[in-house]
Structures are given as C-alpha cells and as structure tokens.
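Below is one structure, written out as structure tokens; comments come after it.
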Amino acid sequence: MTSKSRQVSKRHRNSNHPLQRLLNYGHNYRQQIWQATAFSIINKLLDLAPPVLIGIAVDVVVKQQDSIISLLGVKDIFWQFLLLSLITVIVWIFESAFEYAYDKRWRNLAQNIQHDLRIDAYNHLQELELAYFEERSTGGLMSILSDDINQLEDFLNEVANEIIQLITSFIVLIGGAFFILPTNIALVAMLPMPFILWGSFVYQNQLTSRYADVREKVGFLNSRLANNISGITTIKSFTAEDYESKRLAAESEAYRHSNSKAIKLSAAFIPLIRILVLVGFTSLLLLGGMAAFSGKISVGNYSILLVLVQHLLWPLVTIGRIFDEYQRAMASTNRVMDLLDTPIKIYTGNIPLPIHKVRGEIEYKEVTFAYHDRHPVIQNLSLHIPAGKTIAIVGSTGSGKSTLVKILLRFYEVSAGTITVDGIDIQKLNLRDLRRSIGLVSQDVFLFHGTVAENIAYGTFDATDESIIMAAKVAEAHEFIMRLPQGYETIVGERGQKLSGGQRQRIAIARAIVKDPPILLLDEATSAVDNETEAAIQRSLDRITVNRTTIAIAHRLSTIRNADCIYVMEHGQLVESGTHEQLLEKNGIYASLWRVQSGLK
Ligand SMILES: Nc1ncnc2c1ncn2[C@@H]1O[C@H](COP(=O)(O)OP(=O)(O)OP(=O)(O)O)[C@@H](O)[C@H]1O
C-alpha cells in the first residue's frame with residue numbers, strides 16, 4: 001500500500017458521512033474542486049440573468065425615458081434596447097465560457113478521482129490477507145472496483161454540478177424575492193421552501209437504506225455471474241444450465257425487487273415537489289400581480305420574479321433525480337471507502353532478507369494454527385529443515401500439509417509458536433523478501449491470460465529468453481511448448497485453460513526454476529499428471545532441488561522416496577519421520593501406505 005493511500009485511509013476513517021469521506025479522499029484535488037464549484041456558481045448566476053434582462057426590457061416599455069437603463073444616461077428608446085441587447089450578448093458569451101470551464105473541470109476531476117480510487121482500492125485489496133478473500137466473492141469485489149467506482153464517476157461528472165447550481169438558484173430566488181417584494185408577500189411565496197427542503201431531507205434518509213440494499217444486490221448478482229462463468233465446464237457437464245439459469249434469475253429478481261422498492265419512493269418525489277412549487281408560484285402570481293397593480297412593486301420587477309420562479313421550477317423538478325443519483329453515489333462511496341478502510345492484518349517485518357544471502361534453514365517451533373473460527377489444523381508442531389535439504393510431507397487428505405506451506409509464506413498468521421528462516425522469525429522479516437526467496441508450485445496452478453513465455457517469466461519480469469527456454473527444458477516443458485501453434489508466444493487463455501493439467505504443472509515448475517529461489521515448496525506438483533509426465537517432472541525436480549531447501553508434499557510416495565527425510569502428518573501433527581528405508585523398517589503408517597501404493601498388499 002502506498003504511503004499516500006495509507007494516509008488517506010487514516011484520514012477518512014475519522015468521519016462517517018460518505019460525502020465527507022469522499023471529500024477527504026479527494027483532499028489533493030481541493031483546488032480543482034473549489035475552481036469547479038466557483039465556475040458552476042458563476043455560470044448559474046449568468047444563467048439567471050435573462051429574467052432580469054426581460055424585467056428591464058418590460059421596464060423600458062412601461063417607463064420609457066424613466067427606465068432603469070435611462071439612469072445610465074441613455075434616454076433614446078432604441079439605444080436603450082440596443083444597450084440591453086449588447087449586455088445580453090456579453091452575458092451569453094460569458095455564460096457559455098463558464099459552462100465550458102466548469103464542465104471541463106468537473107469531468108477531469110471525475111476522471112482523476114475515479115482513477116486514483118480504483119488504483120488505491122486495488123492496491124489495498126492486494127495487501128489484504130487471504131482470509132478476507134475467502135469471506136467474499138470475486139463478483140462482489142468486482143462490483144466495488146467496477147460498478148461502484150463508475151457510479152462515483154457519474155456523480156462527479158454531472159450531479160455535483162447540478163447540486164451546486166440548484167443551491168445557487170435557491171439562494172438567488174430567495175434573495176431576489178425579499179429584495180423586490182414587500183416582506184409579507186415574499187414570505188408567502190417562500191412558504192413552500194421549508195417543506196420542500198424538509199421533504200427532501202426525509203426522502204433522502206428513506207432512500208439511503210434502499211439504495212444500500214440495491215448495491216448489495218448488485219454485488220450478489222455479480223458474484224453469481226462470475227462464479228458461473230468460471231464454472232461453466234461443471235455446469236455443462238452436469239447439464240445444470242436450467243438450474244443455474246433459475247438461480248441467476250432469482251438473484252436478478254432480487255435486484256429488480258430491491259430497485260423497484262427504491263423507484264416506488266423516488267418516483268413519488270417529483271409530483272410532490274411540483275405541488276409545493278405550484279403553491280409558491282400561484283401565490284406569487286396572485287399576490288405579486290395585485291402588488292404590481294396597486295403600484296407597490298414595478299411591473300418590471302413583477303416580470304423578473306415570474307420568470308425567475310419559472311427558472312427554478314425546472315431544476316426543482318429534477319431534484320428527485322439528483323437525490324437519486326446522490327444517494328446511489330453515496331451508497332457506492334461507502335462501499336469503496338469501507339474497502340479502503342479495511343485494516344491490513346498481515347504486516348511486513350523490517351528485517352531484510354536479501355535473496356542471495358538466504359541459506360534456507362527453516363524451523364517450525366511448537367506451531368499451532370487454526371483458520372478463522374475453526375479448530376486448530378496444526379497443533380504444537382515442531383520441524384527443523386537444514387539448509388539445502390529436501391524433506392517430504394505425506395499424510396491423509398485434510399491433515400494440514402498445504403496449510404504448513406501457507407503459513408511459511410505468511411498467507412495466514414500462526415496462532416502460537418514461531419517459524420524461522422535462517423534463524424529469524426518470519427514475522428520480523430520483510431514480507432516481500434520472504435516471499436521472494438520462496439518458490440511455490442501449488443496444487444492448483446494458476447496461469448495468467450498471456451503467452452507461455454510471459455507465464456514462465458511471471459514474477460521474474462527481467463528474465464531473458466534464454467533463461468526462459470532453459471527453465472522450460474529443465475521442467476521438461478520445452479518439447480510440448482515447441483509443438484504449440486506459436487511456440488513460446490502461444491496464448492494460454494484465461495487461467496491457462498488452453499493447456500492440459502500436466503502442461504500447466506510443468507509451466508509452473510519452469511516458473512519456479514526461472515525464479516531460482518533458495519527455498520522451494522512443491523505442493524503435490526505431480527498430482528494432475530500421467531505416469532510418463534510424472535517421471536518427466538520427477539527428473540526435473542531431482543535436478544532443481546539440489547542445494548535448495550525443498551518441502552515436497554505428495555500423495556504419490558514414489559515421487560518423494562529420495563527425500564532426505566520424510567514426515568508423515570496426521571491431524572495437524574507429525575507422527576513419523578525418517579528416510580524411505582527407515583520408515584519402511586518402522587513398519588508404521590508410511591510402510592502401510594507404501595505397500596498399498598506399490599501394490600504389495
Ligand atoms: N481457507 C481455509 N479456511 C478454513 N479451513 C480450511 C481452509 N483451507 C483448508 N482448511 C481446512 O484445513 C484442513 C487442512 O487443509 P490442508 O489443505 O492443509 O490439507 P492437506 O493435508 O493439504 O490436504 P490435501 O492432501 O487434500 O491437499 C482441512 O480440514 C481443510 O478443510
């Protein structure tokens with residue numbers, strides 16, 4: 001996480017209102033926000049000038065030589081109108097110029113903030129521990145990083161300006177009414193205003209929870225979609241299309257239902273506002289007309305008021321949509337900010353571990369570990385692996401073998417005990433250095449959409465073509481890669497789905513070879529392959545484990561029989577250890593497993 005985003009994250013944790021959180025986040029753009037706001041206000045003021053110009057024109061017609069314009073020294077009616085026309089042209093030009101200015105500012109601001117927010121949110125997400133991802137769905141997280149941030153972009157693009165201009169119109173109208181009209185008439189005309197504001201406020205509160213629900217439902221819908229698209233093979237093979245279609249329809253229906261609850265409320269808003277505006281407008285029409293007739297106010301001023309109110313009527317009608325957009329944006333803001341505020345639970349230590357200095361001695365000292373809300377998977381386990389040696393871990397499924405490897409990488413934090421690398425507690429080591437010095441070939445190989453070469457070089461981004469080919473040869477992958485349509489430049493497809501399981505496995509091994517780490521973790525590297533491939537992988541593993549601390553987890557005992565020491569794991573504890581021969585002699589769990597696998601029993 002960048003120090004900038006860390007600061008930002010601390011800052012907006014202090015406040016609760018989403019708008020405040022957004023403003024705090026956009027702290028660096030304060031100047032741009034002020035400029036855009038000022039341009040919006042000036043544009044609105046200029047936009048409100050035509051009613052005044054109409055009023056003045058009426059004034060010229062009614063009062064002729066005694067009109068307001070005549071105060072400037074222009075007595076001739078034609079010249080008065082010409083001057084008025086000139087002012088109109090100038091106002092128009094400035095209004096257009098400021099429209100351009102505010103539009104450009106707001107839209108650029110929207111782009112800058114959405115960009116920063118997306119990158120910061122993604123960077124923060126990358127720092128979060130695995131448990132966070134296990135609790136959530138990919139689709140749900142995608143909808144925060146995509147939909148919610150887009151919602152904010154739309155808000156800043158248009159709605160922020162609309163809100164500012166609406167407030168400006170309000171103030172001008174109220175000020176204008178009290179300035180022009182006798183106080184009692186102005187008060188009557190303004191009577192609906194508090195109701196409009198109060199009503200809007202109540203509405204806003206009601207809408208908040210409904211839109212939060214809509215955002216949540218979008219998250220569920222997205223997660224179902226993402227899950228189904230990645231599981232399409234399973235869906236097809238189990239002919240579960242209808243079942244999935246129904247499940248998706250149910251999520252989509254929930255989204256529709258949630259939206260229609262929000263629509264029910266927000267759609268009633270505009271007609272209500274119109275009624276209130278009507279009360280103000282007709283009272284102004286009536287009382288103002290009577291006042292103009294009796295000479296209490298001038299005909300010009302009366303015209304100004306009427307046109308000004310008309311000018312406000314339209315924006316007021318849009319207030320419902322503006323609140324709507326505002327509420328949606330605030331619901332999105334909360335979701336994005338909540339993600340940014342999620343505390344990172346696994347922090348890096350500060351002892352550096354330069355990769356070329358790592359010897360690779362690993363020690364687990366009385367380690368206990370439990371996944372969140374579960375019983376311990378590893379219990380009081382101690383294990384010493386001398387530098388450069390290969391150990392193997394075997395044992396029944398679910399006994400905790402993979403977990404042992406994951407806690408060494410600090411994907412999860414141990415509950416008790418310590419793990420050391422070269423005698424240093426891994427919690428005190430620089431986390432990136434620790435992970436850089438470990439190569440993992442995991443049970444489920446993940447390839448990224450891209451070429452074979454890119455996938456082999458993944459993590460060693462400066463790898464040369466020669467080293468990539470060398471690694472592929474050692475991993476016995478070179479031959480099959482050369483048979484692919486574009487060789488090393490062949491696109492492997494998303495998650496490497498255009499390759500076979502064994503091919504993916506060999507690319508993963510080549511990837512680890514290019515990385516050349518002092519510590520190698522092989523989590524069932526030969527699980528998804530046939531006997532021939534297994535033999536090929538075995539040959540390459542024999543080569544790459546030399547002088548490298550290696551932990552190999554295997555179900556097929558033949559693949560690890562040459563290990564310096566083999567451990568048998570049961571229920572989170574190491575119950576047997578020794579070389580292959582020693583363990584056979586012991587005639588315990590390992591020996592019976594061996595007999596089963598080699599067909600002796
Ligand atoms: N992320 C997780 N959250 C909660 N429980 C988990 C998680 N990952 C694994 N477990 C549980 O921890 C136990 C040990 O899992 P682990 O993957 O370490 O077993 P394993 O010995 O590697 O099994 P296998 O040989 O089948 O790969 C299992 O009971 C599993 O259900």
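Ordering of the structure tokens sets the chain letters (A, B, ...), residue numbers begin anew at 1 in every chain, and ligands are numbered from 1 in the order given.
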For this session: Enumerate residues in contact with ligand 1: an atom-to-atom distance of at most 10 Å, counting only C-alpha atoms and all ligand atoms. Format the result as a PyMOL selection string.
Result: chain A and resi 130-135+369-378+393-407+411-412+442-443+523-524+527+553-555+569-572
Please produce an output containing C-alpha atoms for each residue in the selection, written as a PDB file, in the first residue's frame.
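Saved to part-v3.pdb:
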```pdb
ATOM      1  CA  LEU A 130      -6.258 -14.403   2.041  1.00  0.00           C
ATOM      2  CA  ALA A 131      -8.921 -14.830   4.717  1.00  0.00           C
ATOM      3  CA  TYR A 132     -10.515 -11.574   3.513  1.00  0.00           C
ATOM      4  CA  PHE A 133     -10.963 -13.027   0.035  1.00  0.00           C
ATOM      5  CA  GLU A 134     -12.275 -16.307   1.380  1.00  0.00           C
ATOM      6  CA  GLU A 135     -15.076 -14.444   3.169  1.00  0.00           C
ATOM      7  CA  PHE A 369      -2.602 -22.684  13.694  1.00  0.00           C
ATOM      8  CA  ALA A 370      -6.354 -22.504  13.172  1.00  0.00           C
ATOM      9  CA  TYR A 371      -8.326 -20.993  10.312  1.00  0.00           C
ATOM     10  CA  HIS A 372     -10.787 -18.333  11.350  1.00  0.00           C
ATOM     11  CA  ASP A 373     -13.497 -19.800  13.607  1.00  0.00           C
ATOM     12  CA  ARG A 374     -12.217 -23.365  13.139  1.00  0.00           C
ATOM     13  CA  HIS A 375     -10.491 -25.945  15.262  1.00  0.00           C
ATOM     14  CA  PRO A 376      -6.687 -25.956  15.041  1.00  0.00           C
ATOM     15  CA  VAL A 377      -5.403 -27.542  11.820  1.00  0.00           C
ATOM     16  CA  ILE A 378      -1.810 -27.638  13.053  1.00  0.00           C
ATOM     17  CA  ILE A 393       5.454 -34.490   3.855  1.00  0.00           C
ATOM     18  CA  VAL A 394       2.902 -37.184   3.269  1.00  0.00           C
ATOM     19  CA  GLY A 395      -0.337 -37.949   5.009  1.00  0.00           C
ATOM     20  CA  SER A 396      -4.035 -38.337   4.600  1.00  0.00           C
ATOM     21  CA  THR A 397      -6.122 -35.695   2.917  1.00  0.00           C
ATOM     22  CA  GLY A 398      -7.021 -32.723   5.097  1.00  0.00           C
ATOM     23  CA  SER A 399      -4.235 -33.481   7.599  1.00  0.00           C
ATOM     24  CA  GLY A 400      -2.813 -29.954   7.193  1.00  0.00           C
ATOM     25  CA  LYS A 401       0.074 -30.411   4.726  1.00  0.00           C
ATOM     26  CA  SER A 402      -0.780 -27.466   2.444  1.00  0.00           C
ATOM     27  CA  THR A 403      -1.523 -25.327   5.472  1.00  0.00           C
ATOM     28  CA  LEU A 404       2.026 -25.919   6.688  1.00  0.00           C
ATOM     29  CA  VAL A 405       3.313 -24.365   3.476  1.00  0.00           C
ATOM     30  CA  LYS A 406       0.832 -21.481   3.520  1.00  0.00           C
ATOM     31  CA  ILE A 407       1.856 -20.339   6.983  1.00  0.00           C
ATOM     32  CA  PHE A 411      -0.630 -16.184   3.844  1.00  0.00           C
ATOM     33  CA  TYR A 412      -2.020 -16.730   7.339  1.00  0.00           C
ATOM     34  CA  SER A 442       0.975 -25.141  -5.767  1.00  0.00           C
ATOM     35  CA  GLN A 443      -1.737 -27.753  -6.077  1.00  0.00           C
ATOM     36  CA  ASP A 523       2.593 -28.835  -3.123  1.00  0.00           C
ATOM     37  CA  GLU A 524       1.613 -32.009  -4.976  1.00  0.00           C
ATOM     38  CA  SER A 527      -0.868 -34.592  -8.763  1.00  0.00           C
ATOM     39  CA  ILE A 553       4.106 -32.509  -0.386  1.00  0.00           C
ATOM     40  CA  ALA A 554       2.981 -35.621  -2.148  1.00  0.00           C
ATOM     41  CA  HIS A 555       0.337 -38.263  -2.269  1.00  0.00           C
ATOM     42  CA  MET A 569       1.345 -35.929   9.021  1.00  0.00           C
ATOM     43  CA  GLU A 570      -1.901 -36.840  10.745  1.00  0.00           C
ATOM     44  CA  HIS A 571      -4.423 -34.405  12.252  1.00  0.00           C
ATOM     45  CA  GLY A 572      -2.032 -31.483  12.227  1.00  0.00           C
TER      46      GLY A 572
END
```
Exercise. Near His124 of chain A, within 7 Å and counting only C-alpha atoms, which residues show up once chain neighbours fewer than 3 positions away are dropped, as a ChimeraX atom specification?
Worked result: /A:1,120-121,127-128,340
Just-selected residues, N, CA and C atoms written as a PDB file, in the first residue's frame:
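Below you can see selection17.pdb, which holds the result:
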```pdb
ATOM      1  N   MET A   1       0.841  -1.194   0.000  1.00  0.00           N
ATOM      2  CA  MET A   1       0.000   0.000   0.000  1.00  0.00           C
ATOM      3  C   MET A   1       0.880   1.248   0.000  1.00  0.00           C
ATOM      4  N   ASP A 120      -6.050   2.863  -5.870  1.00  0.00           N
ATOM      5  CA  ASP A 120      -5.855   2.738  -4.415  1.00  0.00           C
ATOM      6  C   ASP A 120      -6.627   1.542  -3.866  1.00  0.00           C
ATOM      7  N   ALA A 121      -7.886   1.417  -4.335  1.00  0.00           N
ATOM      8  CA  ALA A 121      -8.708   0.309  -3.838  1.00  0.00           C
ATOM      9  C   ALA A 121      -8.088  -1.024  -4.247  1.00  0.00           C
ATOM     10  N   GLU A 127      -3.148  -6.043  -0.726  1.00  0.00           N
ATOM     11  CA  GLU A 127      -2.418  -6.171   0.537  1.00  0.00           C
ATOM     12  C   GLU A 127      -3.201  -6.970   1.575  1.00  0.00           C
ATOM     13  N   LEU A 128      -4.490  -7.145   1.332  1.00  0.00           N
ATOM     14  CA  LEU A 128      -5.309  -7.822   2.341  1.00  0.00           C
ATOM     15  C   LEU A 128      -5.002  -9.317   2.372  1.00  0.00           C
ATOM     16  N   LEU A 340     -11.354   0.477   1.383  1.00  0.00           N
ATOM     17  CA  LEU A 340     -10.090   1.167   1.656  1.00  0.00           C
ATOM     18  C   LEU A 340      -9.763   1.199   3.153  1.00  0.00           C
TER      19      LEU A 340
END
```
For this session: Identify, with DSSP run on backbone atoms, the residues in segment 260-437 of chain A assigned to helix (DSSP H, G or I), and express the list as an MDAnalysis selection string.
Result: chainID A and resid 260:293 299:317 319:341 355:357 401:408 431:436
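For the pair atom CA of Gly578 of chain A and atom CA of Ser558 of chain A, the separation is 15.2 Å.
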For this session: Pick out the residues sitting within 7 Å of segment 189-200 of chain A, and hand them over as a list in words; count only C-alpha atoms, and ignore anything fewer than 4 positions along from it in its own chain.
Result: Ile185, Gln204, Ile273, Leu276, Val277, Val279, Gly280, Phe281, Ser283 and Leu284 of chain A
Write out, as a Markdown table, each residue of segment 192-310 of chain A that has an atom at most 9 Å from segment 141-157 of chain A, together with the closest pair of atoms and their distance in Å to one decimal, counting only C-alpha atoms, rows going by chain and rising number.
```
| residue | atom | partner | partner_atom | distance |
| --- | --- | --- | --- | --- |
| A:Arg215 | CA | A:Asp148 | CA | 8.1 |
| A:Val218 | CA | A:Ser143 | CA | 7.2 |
| A:Gly219 | CA | A:Ser143 | CA | 5.7 |
| A:Asn222 | CA | A:Ser143 | CA | 6.6 |
| A:Ser223 | CA | A:Met142 | CA | 8.1 |
| A:Ala226 | CA | A:Met142 | CA | 8.9 |
```
For this session: Rank nothing, just name the residue among A:Ile346, A:Val299, A:Leu221, A:Ala262 nearest to Arg247 of chain A, using only C-alpha atoms.
Result: A:Leu221
